[in-house]
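I have placed the structure first, in the form of structure tokens, so that the comments after it can refer back to it.
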Amino acid sequence: MDKEKEGEEGVAAMAVLYQGFDPAAYLQYNYTSPRADFERPDSIVPWKLGCLHRAFTEGDVSGEVLLDVGSGPTIYQVLSGCEVFSKVLLTDFLEVNRQELRRWLHNEEGFSLDWTPYLQHVCKLEGRSPSAWMEKAARLRTVVSDVLHIDVHRPWPLSLDALPALPPSGADCLVSCFCLESVSPNLAFFTQALGHIGGLLRPGGHLLLIGALGESYYLGGPGVRIPVVPLDEAQVCASLTASGYTLVRLEVYTLPPDMRVGVDDVSGVFFAKARKE
């Protein structure tokens, strides 16, 4: 069997695995204490929010449309960007995740995590009172125009009926967190997916990419063990270059021992700010 055929079968096998993904369990595993301890500067979630805040406020990331690739059941990744862009598009492969996002966006009962501490923390980063979190929540609910299906392994990852949502030249900025390495069977498909999503980004636009380092699996729910491409920093940089991006900055976070809580084997997290050629 050639490598491409083997990779395609790996993509299909991962799609089957993801049918067992449990948004509520995933959020509990990764977005509560200790990984989301806002009193600790070395906690992983505050680190990610700080990286995104800096990237969105440095002045070179701008435009009208922000596209979040593989949102999962989370909104933290657009809490800073929603202040910069007038239109935000959320996307995910799984309907259960898109339903979770819509519940929060429509302020319905039943969403699986209280995002208030996240909203308050980002307000602090922006120099605002934590009590402004309701204004930020209202802003995000206003600027998110759609929650779309996406498949990063297709050359055009969005469905054709989503074309009107994007300007002809593409989105002004992409953000993607823990998606590509978690849905790809190997490094080649991770790199290929980077190229595919680049087709959604205008020339000169920015990609803000957060992902796992040294991770071979994570739990998507009780007993749902999902394989991950175990990346290192050099591979991330090489894949970005091969996919037509110029790296602006790479930051790395190393997990303290007590952040290794048994739901994955991740050793670190990277944040990459890159620009499309």
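Residue names in the structure tokens use chain letters A, B, ... in the order shown, residue numbers from 1 in each chain, and ligand numbers from 1 in the order shown.
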
Give me the residues within 10 Å of range 76-86 of chain A as number ranges by chain, counting only C-alpha atoms and dropping any in the same chain fewer than 3 places off. A: 31, 45, 48-50, 52-57, 59, 61-68, 71, 73, 89-90, 115, 118-119, 121-123, 125-126, 136-137, 139-145, 172-173, 175-177, 208, 210

DSSP on the backbone: which residues in range 72-152 of chain A end up as helix (DSSP H, G or I)? Give the answer as a ChimeraX atom specification. /A:76-78,81-83,95-105,116-125,130-143

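Within range 200-242 of chain A, DSSP applied to the backbone places the following residues in strand (DSSP E or B): Leu201, Arg202, Pro203, Gly204, Gly205, His206, Leu207, Leu208, Leu209, Ile210, Gly211, Ala212, Leu213, Tyr217, Tyr218, Leu219, Gly220, Gly221, Val224, Arg225, Ile226 and Pro227 of chain A.
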
Between A:Thr91, A:Asn186, A:Thr32, A:Asn97, which one has atoms that come closest to Ser159 in chain A, using only C-alpha atoms?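 Looking at the shortest contact to Ser159 in chain A, the residue is A:Thr91.
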
Nearest to Glu95 in chain A by atom-to-atom distance, counting only C-alpha atoms, from A:Leu200, A:Met259, A:Leu113, A:Ile150: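 Closest candidate: A:Ile150.
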
Identify, on the basis of only C-alpha atoms, every residue whose closest approach to Ala242 in chain A does not exceed 10 Å; exclude the query and any residue fewer than 2 positions from it along the same chain; express the result as a count of residues only. 12

Taking only C-alpha atoms into account, name the residue in A:Leu174, A:Ile197, A:Leu158, A:Val269 that is nearest to Gly211 in chain A.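 Among the listed residues, the smallest separation from Gly211 in chain A belongs to A:Val269.
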
I'd like the interatomic distance between CA of Gly10 in chain A and CA of His153 in chain A, to a tenth of an Å.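 Computing the Euclidean distance for CA of Gly10 in chain A and CA of His153 in chain A yields 11.4 Å.
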
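Proximity to Ser112 in chain A at 10 Å, evaluated using only C-alpha atoms and with sequence-adjacent residues fewer than 4 positions away removed, yields Pro23, Ala24, Ala25, Tyr26, Leu27, Gln28, Pro73, Thr74, Glu100, Leu101, Arg103 and Trp104 of chain A.
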
So which residues touch Met14 in chain A within 10 Å, counting only C-alpha atoms, skipping near sequence neighbours fewer than 6 positions away, as a VMD selection string? chain A and resid 8 182 to 185 226 to 228

Export, as a compact mmCIF listing (two decimals), in the first residue's frame, the selected residues with N, CA, C and O atoms.
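Result file is result_6.txt:
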```
# COMPACT_ATOMS: atom_id res chain seq x y z
N GLU A 8 -4.92 8.22 3.46
CA GLU A 8 -6.35 8.42 3.24
C GLU A 8 -7.18 7.47 4.11
O GLU A 8 -8.22 7.85 4.64
N SER A 182 -4.47 16.97 15.31
CA SER A 182 -5.40 16.05 15.98
C SER A 182 -6.34 15.34 15.02
O SER A 182 -7.11 14.47 15.44
N VAL A 183 -6.30 15.73 13.75
CA VAL A 183 -7.17 15.09 12.76
C VAL A 183 -6.38 14.49 11.60
O VAL A 183 -6.96 13.98 10.65
N SER A 184 -5.04 14.56 11.69
CA SER A 184 -4.19 14.07 10.60
C SER A 184 -3.52 12.76 11.01
O SER A 184 -3.07 12.63 12.15
N PRO A 185 -3.41 11.80 10.07
CA PRO A 185 -2.79 10.52 10.41
C PRO A 185 -1.28 10.56 10.46
O PRO A 185 -0.65 9.68 11.05
N ILE A 226 -7.80 9.24 20.84
CA ILE A 226 -7.62 9.76 19.48
C ILE A 226 -6.14 10.00 19.21
O ILE A 226 -5.48 10.72 19.97
N PRO A 227 -5.59 9.40 18.14
CA PRO A 227 -4.17 9.60 17.85
C PRO A 227 -3.88 11.01 17.35
O PRO A 227 -4.72 11.64 16.72
N VAL A 228 -2.68 11.49 17.64
CA VAL A 228 -2.24 12.84 17.28
C VAL A 228 -0.86 12.73 16.63
O VAL A 228 -0.07 11.85 16.99
```

In terms of the shortest atom-to-atom distance over only C-alpha atoms, which of A:Gly220, A:Phe189, A:Leu255, A:Leu247 is closest to Lys5 in chain A?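 Selected residue with least distance to Lys5 in chain A: A:Phe189.
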
Select, from A:Ala15, A:Leu201, A:Val152, A:Val147, the residue with the minimum atom-to-atom distance to Leu166 in chain A, counting only C-alpha atoms. A:Leu201

With a distance cut-off of 6 Å and only C-alpha atoms, select the neighbouring residues of Leu219 in chain A, excluding the residue or stretch itself and same-chain residues fewer than 5 positions from it, and output the selection as JSON, numbers by chain. {"A": [224, 225, 263]}

Choose the residue, out of A:Ser243, A:Gln19, A:Thr116, A:Ser169, that has the smallest atom-to-atom separation from Ser131 in chain A; count only C-alpha atoms.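 Once distances to Ser131 in chain A are computed over only C-alpha atoms, the minimum belongs to A:Thr116.
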